Each structure stands twice: as C-alpha cells, then as structure tokens.
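*Asks:* Here you go, this is final-v8.cif (mmCIF, C-alpha atoms).
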data_my_file
loop_
_atom_site.label_atom_id
_atom_site.label_comp_id
_atom_site.auth_asym_id
_atom_site.auth_seq_id
_atom_site.Cartn_x
_atom_site.Cartn_y
_atom_site.Cartn_z
CA MET A 1 36.63 1.65 121.79
CA LYS A 2 34.46 0.69 124.78
CA GLN A 3 37.07 -1.81 125.97
CA LYS A 4 39.70 0.94 125.64
CA SER A 5 37.78 3.32 127.90
CA ILE A 6 37.32 0.52 130.47
CA SER A 7 41.04 -0.12 130.54
CA ILE A 8 41.71 3.62 130.99
CA GLU A 9 39.35 3.63 133.99
CA LEU A 10 40.85 0.44 135.34
CA ASN A 11 44.31 1.91 134.95
CA LYS A 12 43.28 5.00 136.91
CA LEU A 13 42.06 2.74 139.70
CA ILE A 14 45.20 0.58 139.69
CA THR A 15 47.53 3.56 139.72
CA GLY A 16 45.63 4.98 142.69
CA ASP A 17 44.30 8.12 140.93
CA LYS A 18 42.69 9.69 144.00
CA GLU A 19 40.45 12.03 142.05
CA PHE A 20 39.05 9.09 140.07
CA ILE A 21 38.62 6.91 143.17
CA LEU A 22 36.80 9.77 144.91
CA LEU A 23 34.50 10.01 141.90
CA LEU A 24 33.82 6.27 142.21
CA TYR A 25 32.94 6.80 145.87
CA GLU A 26 30.52 9.61 144.97
CA ARG A 27 28.83 7.68 142.20
CA LEU A 28 28.74 4.18 143.63
CA LEU A 29 28.90 4.17 147.41
CA PRO A 30 25.32 5.53 147.91
CA LYS A 31 24.01 2.66 145.75
CA ILE A 32 26.04 0.13 147.71
CA ILE A 33 24.90 1.58 151.05
CA ASN A 34 21.34 1.23 149.82
CA TYR A 35 21.87 -2.38 148.75
CA VAL A 36 23.60 -3.38 151.99
CA LYS A 37 21.01 -1.64 154.16
CA LYS A 38 18.24 -3.44 152.30
CA ASN A 39 20.05 -6.70 153.00
CA ASN A 40 20.54 -6.64 156.76
CA GLY A 41 23.61 -4.42 156.86
CA GLU A 42 24.65 -0.98 157.93
CA GLN A 43 26.42 1.95 156.34
CA THR A 44 29.81 0.97 157.81
CA ASP A 45 29.39 -2.54 156.33
CA ALA A 46 28.84 -0.97 152.92
CA GLU A 47 31.93 1.21 153.30
CA GLU A 48 34.01 -1.85 154.23
CA VAL A 49 32.66 -3.82 151.29
CA PHE A 50 33.35 -0.97 148.86
CA HIS A 51 36.90 -0.56 150.14
CA ASP A 52 37.52 -4.32 149.89
CA ALA A 53 36.11 -4.51 146.37
CA LEU A 54 38.42 -1.76 145.14
CA TYR A 55 41.40 -3.36 146.87
CA GLN A 56 40.49 -6.78 145.45
CA ILE A 57 40.39 -5.44 141.88
CA ILE A 58 43.72 -3.63 142.29
CA ALA A 59 45.38 -6.71 143.84
CA ARG A 60 44.19 -8.92 141.01
CA ALA A 61 45.32 -6.47 138.38
CA LYS A 62 48.75 -6.16 140.00
CA THR A 63 49.40 -9.90 140.30
CA GLN A 64 47.51 -11.54 137.45
CA GLN A 65 45.36 -10.85 134.45
CA ILE A 66 42.00 -9.25 135.06
CA GLU A 67 39.69 -8.62 132.18
CA ILE A 68 36.59 -6.55 132.77
CA ARG A 69 34.16 -6.86 129.89
CA THR A 70 31.38 -4.67 131.21
CA SER A 71 31.78 -1.06 132.31
CA LEU A 72 33.88 -0.65 135.43
CA GLU A 73 31.08 0.71 137.64
CA PRO A 74 28.62 -2.20 137.20
CA TYR A 75 31.55 -4.56 137.74
CA ILE A 76 32.48 -2.88 141.03
CA PHE A 77 28.83 -2.94 142.07
CA MET A 78 28.62 -6.69 141.43
CA ALA A 79 31.92 -7.29 143.25
CA CYS A 80 30.48 -5.40 146.25
CA LYS A 81 27.26 -7.41 146.12
CA ASN A 82 29.27 -10.65 146.08
CA LEU A 83 31.43 -9.51 148.98
CA TRP A 84 28.38 -8.58 151.00
CA LEU A 85 26.70 -11.92 150.30
CA LYS A 86 29.87 -13.68 151.40
CA GLU A 87 29.88 -11.65 154.60
CA LEU A 88 26.22 -12.52 155.22
CA ASN A 89 27.01 -16.23 154.72
CA LYS A 90 29.77 -15.90 157.28
CA ARG A 91 27.49 -14.17 159.79
CA GLN A 92 24.77 -16.79 159.31
CA LYS A 93 27.26 -19.60 159.94
CA GLN A 94 28.36 -17.79 163.08
CA VAL A 95 24.75 -17.68 164.34
CA ARG A 96 24.07 -21.32 163.43
CA ASN A 97 27.20 -22.48 165.23
CA ASP A 98 26.27 -20.48 168.32
CA GLY A 99 29.16 -18.09 167.97
CA VAL A 100 31.77 -20.79 167.45
CA PHE A 101 33.27 -20.61 163.98
CA GLU A 102 36.50 -21.06 162.17
CA LEU A 103 38.67 -17.99 162.59
CA LYS A 104 40.31 -16.90 159.37
CA ASP A 105 42.82 -14.12 158.96
CA LYS A 106 42.14 -11.23 156.62
CA ASP A 107 44.43 -12.60 153.89
CA GLU A 108 42.56 -15.93 153.85
CA GLU A 109 39.22 -14.14 153.62
CA ARG A 110 40.50 -11.97 150.80
CA LEU A 111 41.85 -14.97 148.89
CA GLU A 112 38.52 -16.76 149.20
CA ALA A 113 36.60 -13.70 148.08
CA ILE A 114 38.88 -13.31 145.05
CA GLU A 115 38.51 -17.00 144.16
CA ASN A 116 34.73 -16.68 144.31
CA GLN A 117 34.81 -13.49 142.27
CA LYS A 118 36.97 -15.23 139.64
CA ARG A 119 34.42 -18.03 139.37
CA TRP A 120 31.66 -15.44 139.10
CA ASP A 121 33.61 -13.63 136.35
CA LEU A 122 34.14 -16.87 134.45
CA PHE A 123 30.44 -17.80 134.57
CA GLU A 124 29.37 -14.30 133.52
CA GLU A 125 31.91 -14.23 130.70
CA LYS A 126 30.60 -17.53 129.34
CA ILE A 127 26.96 -16.48 129.71
CA ASN A 128 27.84 -13.47 127.59
CA LEU A 129 29.17 -15.75 124.87
CA LEU A 130 25.73 -17.32 124.46
CA SER A 131 23.35 -15.95 121.87
CA GLU A 132 21.13 -13.09 123.02
CA ASN A 133 18.21 -15.46 122.70
CA CYS A 134 19.78 -18.09 124.97
CA LYS A 135 20.84 -15.47 127.51
CA GLN A 136 17.38 -13.96 127.73
CA LEU A 137 15.71 -17.36 127.83
CA LEU A 138 17.88 -18.62 130.71
CA LYS A 139 17.39 -15.35 132.54
CA ASP A 140 13.61 -15.49 132.18
CA TYR A 141 13.48 -19.18 133.05
CA PHE A 142 15.44 -18.76 136.27
CA ASP A 143 13.65 -15.47 137.02
CA LYS A 144 10.45 -17.52 137.13
CA VAL A 145 8.74 -15.75 134.25
CA PRO A 146 5.49 -17.72 133.64
CA TYR A 147 5.96 -20.51 131.08
CA GLU A 148 3.16 -19.24 128.86
CA GLU A 149 4.92 -15.84 128.71
CA ILE A 150 8.20 -17.51 127.70
CA VAL A 151 6.44 -19.46 124.96
CA LYS A 152 4.81 -16.26 123.70
CA LYS A 153 7.90 -14.07 123.97
CA PHE A 154 10.21 -16.47 122.12
CA SER A 155 7.53 -17.66 119.68
CA TYR A 156 7.90 -21.32 120.70
CA SER A 157 5.20 -23.77 119.69
CA SER A 158 4.83 -25.29 123.17
CA GLU A 159 6.16 -25.36 126.71
CA ASN A 160 7.99 -28.55 125.87
CA VAL A 161 9.93 -26.74 123.13
CA ALA A 162 10.81 -24.03 125.66
CA PHE A 163 12.17 -26.62 128.13
CA GLN A 164 14.23 -28.28 125.41
CA ARG A 165 15.69 -24.91 124.44
CA VAL A 166 16.55 -24.12 128.08
CA PHE A 167 18.25 -27.50 128.30
CA LYS A 168 20.29 -26.84 125.15
CA CYS A 169 21.31 -23.35 126.29
CA LYS A 170 22.43 -24.68 129.66
CA LYS A 171 24.35 -27.49 127.95
CA LYS A 172 26.12 -24.95 125.75
CA LEU A 173 26.98 -22.87 128.80
CA THR A 174 28.37 -25.92 130.60
CA GLU A 175 30.55 -26.79 127.62
CA LEU A 176 31.90 -23.23 127.41
CA ILE A 177 32.80 -23.22 131.11
CA LYS A 178 34.42 -26.65 131.02
CA ALA A 179 36.47 -25.80 127.96
CA ASP A 180 38.12 -22.86 129.71
CA ASN A 181 41.45 -23.53 131.40
CA ARG A 182 40.53 -21.23 134.27
CA TYR A 183 37.72 -23.61 135.26
CA LYS A 184 40.21 -26.41 135.83
CA LYS A 185 42.33 -24.17 138.03
CA LEU A 186 39.48 -22.89 140.19
CA MET B 187 31.84 -37.20 127.77
CA MET B 188 28.50 -36.60 129.43
CA ASP B 189 25.50 -37.74 127.41
CA ASP B 190 22.13 -36.00 127.31
CA VAL B 191 20.35 -38.83 129.18
CA LEU B 192 22.68 -38.37 132.13
CA ARG B 193 22.36 -34.59 131.91
CA LEU B 194 18.58 -34.93 132.09
CA LYS B 195 18.96 -37.19 135.10
CA ILE B 196 21.10 -34.51 136.79
CA GLU B 197 18.41 -31.93 135.94
CA GLU B 198 15.77 -34.11 137.58
CA TYR B 199 17.97 -34.68 140.62
CA LEU B 200 18.79 -31.00 141.12
CA GLY B 201 15.21 -29.98 140.36
CA ASN B 202 13.91 -32.37 143.10
CA GLN B 203 11.90 -34.25 140.51
CA MET B 204 13.04 -37.74 141.58
CA THR B 205 11.24 -40.10 143.92
CA ASP B 206 13.08 -40.89 147.17
CA LYS B 207 14.08 -44.27 145.78
CA GLU B 208 15.45 -42.77 142.54
CA LYS B 209 17.24 -40.06 144.52
CA ARG B 210 18.98 -42.57 146.79
CA ALA B 211 20.08 -44.68 143.83
CA PHE B 212 21.42 -41.65 141.97
CA GLU B 213 23.27 -40.40 145.04
CA GLN B 214 25.00 -43.77 145.23
CA GLU B 215 26.02 -43.38 141.57
CA ILE B 216 27.37 -39.91 142.31
CA ALA B 217 29.37 -41.13 145.29
CA ALA B 218 31.02 -43.81 143.15
CA ASP B 219 31.88 -41.62 140.16
CA ASP B 220 34.20 -38.59 140.50
CA GLU B 221 33.40 -37.22 137.06
CA LEU B 222 29.66 -37.40 137.72
CA GLN B 223 30.19 -35.73 141.08
CA ARG B 224 32.08 -32.84 139.43
CA GLU B 225 29.35 -32.53 136.81
CA VAL B 226 26.57 -32.41 139.42
CA ASN B 227 28.49 -29.78 141.38
CA LEU B 228 29.03 -27.69 138.26
CA GLN B 229 25.35 -27.95 137.26
CA ARG B 230 24.32 -26.95 140.78
CA GLU B 231 26.65 -23.97 140.64
CA ILE B 232 25.38 -22.91 137.20
CA ILE B 233 21.77 -23.04 138.41
CA LEU B 234 22.61 -20.99 141.52
CA HIS B 235 24.52 -18.46 139.42
CA LEU B 236 21.64 -18.10 136.97
CA LYS B 237 19.26 -17.65 139.88
CA GLY B 238 21.52 -14.88 141.17
CA ILE B 239 22.44 -16.81 144.32
CA TYR B 240 25.98 -16.29 145.60
CA VAL B 241 28.14 -19.40 145.65
CA ASP B 242 30.67 -19.44 148.48
CA LYS B 243 33.15 -22.08 147.51
CA VAL B 244 36.68 -22.71 148.68
CA GLY B 245 38.89 -23.34 145.70
CA ASN B 246 42.52 -24.19 145.28
CA LYS B 247 44.17 -22.02 147.91
CA GLY B 248 47.69 -23.20 147.14
CA SER B 249 47.72 -22.12 143.50
CA GLU B 250 50.52 -19.98 142.07
CA GLU B 251 48.10 -17.09 141.57
CA ASN B 252 47.07 -17.21 145.22
CA LYS B 253 50.68 -17.28 146.39
CA LYS B 254 51.31 -14.13 144.35
CA LEU B 255 48.22 -12.50 145.81
CA LYS B 256 49.27 -13.34 149.37
CA ALA B 257 52.72 -11.90 148.71
CA PHE B 258 51.08 -8.74 147.34
CA PHE B 259 48.84 -8.34 150.43
CA ASN B 260 51.94 -8.33 152.62
CA SER B 261 54.16 -6.25 150.35
CA GLU B 262 54.96 -2.56 150.86
CA GLU B 263 53.06 -1.81 147.65
CA GLY B 264 49.96 -3.66 148.87
CA LYS B 265 50.02 -1.82 152.19
CA THR B 266 50.54 1.57 150.54
CA ILE B 267 47.59 0.97 148.23
CA GLU B 268 45.38 -0.02 151.14
CA GLU B 269 46.37 3.13 153.03
CA SER B 270 45.78 5.32 150.05
CA LEU B 271 42.29 3.80 149.54
CA LEU B 272 41.51 4.49 153.19
CA GLU B 273 42.65 8.07 152.69
CA VAL B 274 40.17 8.54 149.81
CA ARG B 275 37.44 6.93 151.92
CA ASN B 276 38.03 9.49 154.69
CA LEU B 277 38.15 12.29 152.15
CA TYR B 278 34.78 11.16 150.80
CA LYS B 279 33.25 11.00 154.27
CA GLU B 280 34.47 14.51 155.05
CA LYS B 281 33.07 15.79 151.77
CA ALA B 282 29.74 14.05 152.34
CA ARG B 283 29.45 15.70 155.75
CA SER B 284 30.07 19.21 154.36
CA PRO B 285 26.99 21.51 154.14
CA LYS B 286 27.88 22.41 150.52
CA PHE B 287 27.55 18.76 149.45
CA LYS B 288 24.25 18.37 151.27
CA LEU B 289 22.95 21.60 149.71
CA TRP B 290 23.85 20.30 146.24
CA ARG B 291 21.73 17.19 146.87
CA VAL B 292 18.75 19.28 148.02
CA VAL B 293 19.04 21.52 144.92
CA ALA B 294 19.10 18.42 142.69
CA ALA B 295 15.96 17.06 144.40
CA ILE B 296 14.13 20.41 143.94
CA LEU B 297 15.10 20.48 140.25
CA VAL B 298 13.68 16.99 139.76
CA LEU B 299 10.45 18.09 141.43
CA ILE B 300 10.17 21.22 139.24
CA LEU B 301 10.74 19.13 136.12
CA ALA B 302 8.10 16.63 137.25
CA ILE B 303 5.53 19.43 137.82
CA ALA B 304 6.39 21.05 134.47
CA GLY B 305 5.91 17.66 132.81
CA SER B 306 2.45 17.25 134.38
CA VAL B 307 1.36 20.67 133.07
CA ASN B 308 2.60 19.74 129.63
CA TYR B 309 0.62 16.51 129.83
CA LEU B 310 -2.62 18.41 130.38
CA THR B 311 -2.14 20.66 127.37
CA LYS B 312 -0.79 18.38 124.66
CA GLU B 313 -2.62 15.65 122.69
CA PRO B 314 -0.83 12.69 121.08
CA THR B 315 -0.71 12.53 117.31
CA SER B 316 -3.16 10.26 115.57
CA LEU B 317 -0.54 7.90 114.15
CA TYR B 318 1.01 7.38 117.55
CA ALA B 319 -2.42 6.68 119.01
CA LYS B 320 -3.18 4.32 116.15
CA TYR B 321 -0.02 2.24 116.39
CA TYR B 322 0.93 2.39 120.06
CA ASN B 323 -0.30 -0.63 121.96
CA ASN B 324 1.02 -1.34 125.43
CA LYS B 325 0.56 -5.05 124.73
CA ASP B 326 3.66 -4.80 122.53
CA LEU B 327 5.71 -4.34 125.70
CA PRO B 328 7.32 -7.52 127.04
CA SER B 329 5.77 -8.97 130.16
CA ILE B 330 7.36 -7.80 133.36
CA ILE B 331 5.32 -10.07 135.62
CA LYS B 332 7.31 -12.89 137.20
CA ARG B 333 6.16 -16.24 138.58
CA ASP B 334 6.76 -14.94 142.11
CA THR B 335 3.58 -13.19 143.18
CA GLN B 336 5.24 -10.51 145.30
CA ASN B 337 8.03 -8.55 143.72
CA GLN B 338 8.93 -5.11 142.47
CA TRP B 339 8.52 -6.09 138.81
CA ASN B 340 4.90 -7.05 139.35
CA GLU B 341 4.37 -3.72 141.10
CA ILE B 342 5.88 -1.81 138.15
CA GLY B 343 3.67 -3.75 135.73
CA THR B 344 0.58 -3.01 137.80
CA LEU B 345 1.35 0.73 137.99
CA PHE B 346 1.91 0.87 134.22
CA ILE B 347 -1.34 -0.93 133.41
CA ALA B 348 -3.19 1.39 135.82
CA LYS B 349 -1.67 4.32 133.85
CA GLU B 350 0.00 5.61 136.99
CA TYR B 351 2.96 6.64 134.89
CA GLU B 352 4.57 9.06 137.32
CA ASN B 353 4.53 6.47 140.10
CA CYS B 354 5.83 3.91 137.64
CA ILE B 355 8.73 6.23 136.68
CA ALA B 356 9.52 6.95 140.32
CA LYS B 357 9.53 3.22 141.08
CA ILE B 358 11.80 2.29 138.15
CA GLU B 359 14.15 5.23 138.59
CA GLY B 360 14.34 4.61 142.30
CA PHE B 361 15.34 1.05 141.54
CA LEU B 362 17.85 1.94 138.80
CA GLU B 363 19.41 4.55 141.06
CA LYS B 364 20.08 1.92 143.67
CA GLU B 365 20.94 -1.11 141.59
CA VAL B 366 22.40 -2.17 138.29
CA THR B 367 19.97 -4.52 136.56
CA ASN B 368 19.86 -6.76 133.55
CA ASN B 369 16.06 -6.84 133.60
CA TYR B 370 16.18 -4.68 130.50
CA GLU B 371 12.41 -4.68 129.97
CA VAL B 372 12.13 -2.01 132.69
CA TYR B 373 13.83 0.43 130.30
CA LEU B 374 10.94 -0.02 127.84
CA TYR B 375 8.41 0.59 130.61
CA LEU B 376 10.35 3.65 131.73
CA ALA B 377 10.60 5.08 128.21
CA MET B 378 6.90 4.60 127.49
CA SER B 379 5.88 5.98 130.90
CA TYR B 380 7.83 9.15 130.07
CA THR B 381 6.23 9.25 126.64
CA GLU B 382 2.74 8.89 128.08
CA ILE B 383 3.29 12.01 130.18
CA ASN B 384 4.76 13.80 127.16
CA LYS B 385 8.38 13.74 128.29
CA THR B 386 9.28 12.26 124.94
CA ASP B 387 12.92 13.44 124.94
CA LYS B 388 13.47 11.45 128.12
CA GLY B 389 11.72 8.47 126.54
CA VAL B 390 14.09 8.57 123.56
CA LYS B 391 17.10 8.93 125.86
CA VAL B 392 16.09 5.84 127.85
CA LEU B 393 15.59 3.83 124.65
CA ASP B 394 18.99 4.96 123.30
CA GLU B 395 20.52 3.73 126.52
CA LEU B 396 18.77 0.38 126.03
CA LEU B 397 19.88 0.20 122.38
CA ASP B 398 23.50 0.72 123.46
CA LYS B 399 23.23 -2.36 125.65
CA LYS B 400 22.55 -4.60 122.61
CA THR B 401 19.88 -6.75 124.22
CA LEU B 402 17.12 -8.98 122.94
CA TYR B 403 14.87 -5.93 123.09
CA GLU B 404 16.69 -4.01 120.36
CA ASN B 405 13.76 -4.47 117.95
CA LYS B 406 11.19 -3.30 120.51
CA ALA B 407 13.39 -0.35 121.50
CA LEU B 408 13.53 0.77 117.85
CA TRP B 409 9.79 0.25 117.42
CA PHE B 410 8.91 2.37 120.45
CA LYS B 411 11.54 4.98 119.54
CA GLY B 412 9.91 5.37 116.13
CA LEU B 413 6.51 5.73 117.81
CA ILE B 414 7.83 8.41 120.15
CA TYR B 415 9.07 10.38 117.13
CA LEU B 416 5.58 10.02 115.65
CA LYS B 417 4.11 11.48 118.77
CA GLU B 418 6.55 14.38 118.50
CA GLU B 419 5.64 14.74 114.80
CA GLU B 420 9.31 14.28 113.93
CA ILE B 421 8.38 12.48 110.73
CA ALA B 422 11.90 12.26 109.23
CA LYS B 423 13.33 10.76 112.41
CA ALA B 424 10.38 8.36 112.72
CA LYS B 425 10.87 7.16 109.14
CA GLU B 426 14.58 6.73 109.66
CA THR B 427 13.99 4.69 112.83
CA PHE B 428 11.37 2.41 111.27
CA LYS B 429 13.64 1.86 108.25
CA GLU B 430 16.49 0.92 110.57
CA LEU B 431 14.15 -1.50 112.36
CA LYS B 432 13.06 -3.02 109.05
CA ARG B 433 16.68 -3.41 107.93
CA LYS B 434 17.93 -4.93 111.17
CA PHE B 435 14.89 -7.06 112.00
CA PRO B 436 13.14 -7.90 108.73
CA LYS B 437 10.77 -10.37 110.43
CA TYR B 438 9.58 -8.01 113.16
CA LYS B 439 6.14 -6.44 112.52
CA THR B 440 6.89 -6.59 108.77
CA ALA B 441 3.43 -5.82 107.44
CA ILE B 442 2.68 -3.17 110.07
CA ILE B 443 5.94 -1.32 109.44
CA GLU B 444 5.37 -1.42 105.67
CA LYS B 445 1.90 0.04 106.16
CA LEU B 446 3.12 2.65 108.59
CA LEU B 447 5.95 3.76 106.29
CA LYS B 448 3.44 4.15 103.45
CA GLU B 449 1.21 6.28 105.66
CA LEU B 450 4.18 8.48 106.44
#
Mind turning this structure into structure tokens?

*Replies:*
Amino acid sequence: MKQKSISIELNKLITGDKEFILLLYERLLPKIINYVKKNNGEQTDAEEVFHDALYQIIARAKTQQIEIRTSLEPYIFMACKNLWLKELNKRQKQVRNDGVFELKDKDEERLEAIENQKRWDLFEEKINLLSENCKQLLKDYFDKVPYEEIVKKFSYSSENVAFQRVFKCKKKLTELIKADNRYKKL
Amino acid sequence: MMDDVLRLKIEEYLGNQMTDKEKRAFEQEIAADDELQREVNLQREIILHLKGIYVDKVGNKGSEENKKLKAFFNSEEGKTIEESLLEVRNLYKEKARSPKFKLWRVVAAILVLILAIAGSVNYLTKEPTSLYAKYYNNKDLPSIIKRDTQNQWNEIGTLFIAKEYENCIAKIEGFLEKEVTNNYEVYLYLAMSYTEINKTDKGVKVLDELLDKKTLYENKALWFKGLIYLKEEEIAKAKETFKELKRKFPKYKTAIIEKLLKEL
C-alpha cells in the first residue's frame, strides 16, 4: 500500500504534474534552503540543487528503473543533500587548485551525480535489508555513541562482543552489496 | 572469497590501527592484488556511507544506462521537462513573494505560540496520575549523547535532563522541520517532553509516527504510549497498548508489565 502511494507520487513527478511539483517546492524547498545555508551555501544554490534533484529523478525514471523504497520527500531531500555535497567538493577542489580545475559540461556533471546517487541508493537499500538490530548497531557505532552505551542498549556482555557484532553486521552488508548486479556495473 | 582474517586486517588498516611498518607492507599487498584493492575500496566506501560522508566517485561513464541518460538530456522531451520544472520554480518564487503567503506563515507562527501558552497554563493546573508517576522513569529513554562532545543531540539530552521541556521541544522540532533524520530516539524525547507539559495528545501522535517507522524503538514507543494513556487516565487504551507490547515483545519489561496490568 505504502509502495503504491510512492509510485503514485513518483508518477505525478515524472508526468510533470505542476500542482504536485509546486507542492513539493512548498514543503521541501525551505528545508533544503536551511540545509544549504547551514553548509556554506546560499538560497540560489539550494534552488539549483532542488531543481537538479527533481530533474535527476525524472531522467532516471524515464530511461531506466528507479525504485524508491522510502517516501518520496525524504528521498528528494537526501538527493538534494548529496548534490550539495558534490557541489561543495567541486568548490573545494577549485580552491585547492587555485582556480584551475577540470571543466566539465552540464551533462557530465549530471551523469556523475546520478552515478553517485545510484551507489548511495544501492548502499541504503542493502542497509535496509539488515536486521533492525544490525542497522541500529552500525548507526550507533558510526555515530560515535559511547561504547558502554552500546553495550547497555543492546544487552551485550562486553565491548568485545559489541565489536564482533559490528564486524559481522558490516560483513553481511558487504556481502549483500557485492551480490547485487548493480554493484558490478557501478 | 575474502576470509575474516583479511577482513580484520582491512579494518585495522582503514581504522589507522597499524604501525607504519605494517601499513607499508599491507599497502604493497594491496598494490599487487586487484581483488584486495577492490575490497579495501568497498570497505572504505561502506565506512564513509555509514558515517554519512558523501562519496564522490567517478564510475563507468560509458555504460548503456549512461548513454541513454545522455540521449535523454539532449532530447526534446528532456528539454521540455527542464523548462517545465523551471516554470514551476518561478511560480513558487512568485507565490512565496506574495503578501498572502507571508501572512499565512505569520498566522501559523502565532497559532503555535498560542498553543504553547495554552499548554503552559494546562501544565500548571493538572497533576499526573499516580500510576504514571510510579512507572515513568526517564532512564528508560535511550541515550541520546554521542561520543562527540559538541553536538545537537547532547544539547537535546541536556535540556531534557534539566526538565526544560519546552526548549527541548523547540530544539527537536526546529531540527525535524529542517532535516529528515534517522536518529529515531529524538521522537521518544519529543513525545515525553510533550507529555511532561501535559500535551499528551501530541505525545501520542509523535509516538504513532515513530511506530509507523518500524524501528528498533518500537517496544519503547509502545511502553511510553501506554504510560501517556495512564497519565490521561485512559485505562482501556493503556491496557490495550501494554497488551500489544507484551504480545509483540514478550521479553521487554515482562515482570513490570505483568504487575502494571494487574494494577489496572
């Protein structure tokens, strides 16, 4: 049922339903402006990123399979975040190289952004296949939650057991990613 | 097939846990073995992804899928879609500039303020029920403190412990308004902050939202939801919630739930 409503929303976006796209602007753009402004950007950067994210999703849906497993809005938000981080990387490189950097046309940039987004989608999809326990454990571990809290929260007998469990969860995640044909193509 | 000993070695390498000598030797191994090199790169990428760090990587640009994408970018359809998106963007900007839209935002802000004041008055006049007071313990909430000393989660945790619930709510809501998070524990803090200032309906709503997300905190969300119903003296709903918790998570607070159900 949830998946069905996502595909209805996705379909509205792909078919260019202006009323729906305007609604997306009203609901999401202020959040994206906020995120970009907090991360060394300006309002116009956020508008660009939002436009590009919508275009990227439509282009993927028109030319290949795109499966969105979360709600559409969080997915768009994450796509915007990724696009902005890519842009920041580009700007940093430009500064480091004293203004001299490889010029890429818009198509090249879009292809790269889509490739990166596809990798991000694949990783997220596989993380979601892990057990809730594994997901939460990896999240806490990489979020730097204190070890004693992890041991307490997951009722492990020691920190060593927690490390072993993190290792196993990461191994499982690696196997899931490697077993997917998309990984070989990316 | 990668064995666990090698995986552990990669962990040590990527976690900077090797001596300089070990590191140099392992880097030589990596340089001589394509499969190992791919594995190290994948592990590095997984770690960065889990840390929430963006990975900018150039993949296979000549793939069939990319050729199709490039053709789409330059097609009439691709250009029409881009134009139509720009049209909506301009429409949005015009709408955002209109006084009516701005007025709507001001009205919404005033309403929030009125609700907050009404909630504070309510807080002064209403006492929690004895069962809620008996069973509610903020130590049952998951820790929100991270290993980083300075971050917003630590601030939320500090406000909650200091019983500055309204500030805590403002902080969490401000964050949730701006970002989409998978730090689901904040929903528990938000729900119980609302409950502590007697906005129990909002507390239940937040917990229902968390329950819909099917996270590791499902048991805690049901536990606190049951407690909120106790505070509201909605005994039937409280019983129903604790029974659901017992059915779904038979090992969670078993004895306490049994005792509580008997008291009800």

*Asks:* Could you write out as number ranges by chain the residues of chain A within 6 Å of chain B, counting only C-alpha atoms?

*Replies:* A: 31, 132, 142, 144-146, 186

*Asks:* What's around Trp120 of chain A at 9 Å? Count only C-alpha atoms, leave out sequence neighbours fewer than 3 positions away in its own chain, and write the answer as a ChimeraX atom specification.

*Replies:* /A:82,115-117,123-125 /B:235,240-241

*Asks:* Out of A:Leu137, A:Lys90, A:Phe154, A:Trp84, which residue has the shortest atom-to-atom distance to Thr44 of chain A when counting only C-alpha atoms?

*Replies:* A:Trp84

*Asks:* May I have the residues within 8 Å of Ile58 of chain A as a list in words, using only C-alpha atoms and disregarding those fewer than 3 positions away in the same chain?

*Replies:*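 Here the answer would be Leu13, Ile14, Leu54, Tyr55, Ala61 and Lys62 of chain A.
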
*Asks:* When you draw a straight line from atom CA of Leu138 of chain A to atom CA of Ser155 of chain A, how long is it in Å?

*Replies:*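 Atom-to-atom, atom CA of Leu138 of chain A and atom CA of Ser155 of chain A are spaced 15.2 Å apart.
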
*Asks:* For the atom pair atom CA of Asn227 of chain B and atom CA of Gln214 of chain B, what is the interatomic distance in Å to one decimal place?

*Replies:* 14.9 Å

*Asks:* What does the distance between atom CA of Arg91 of chain A and atom CA of Gln56 of chain A come to in Å, to one decimal place?

*Replies:* 20.7 Å
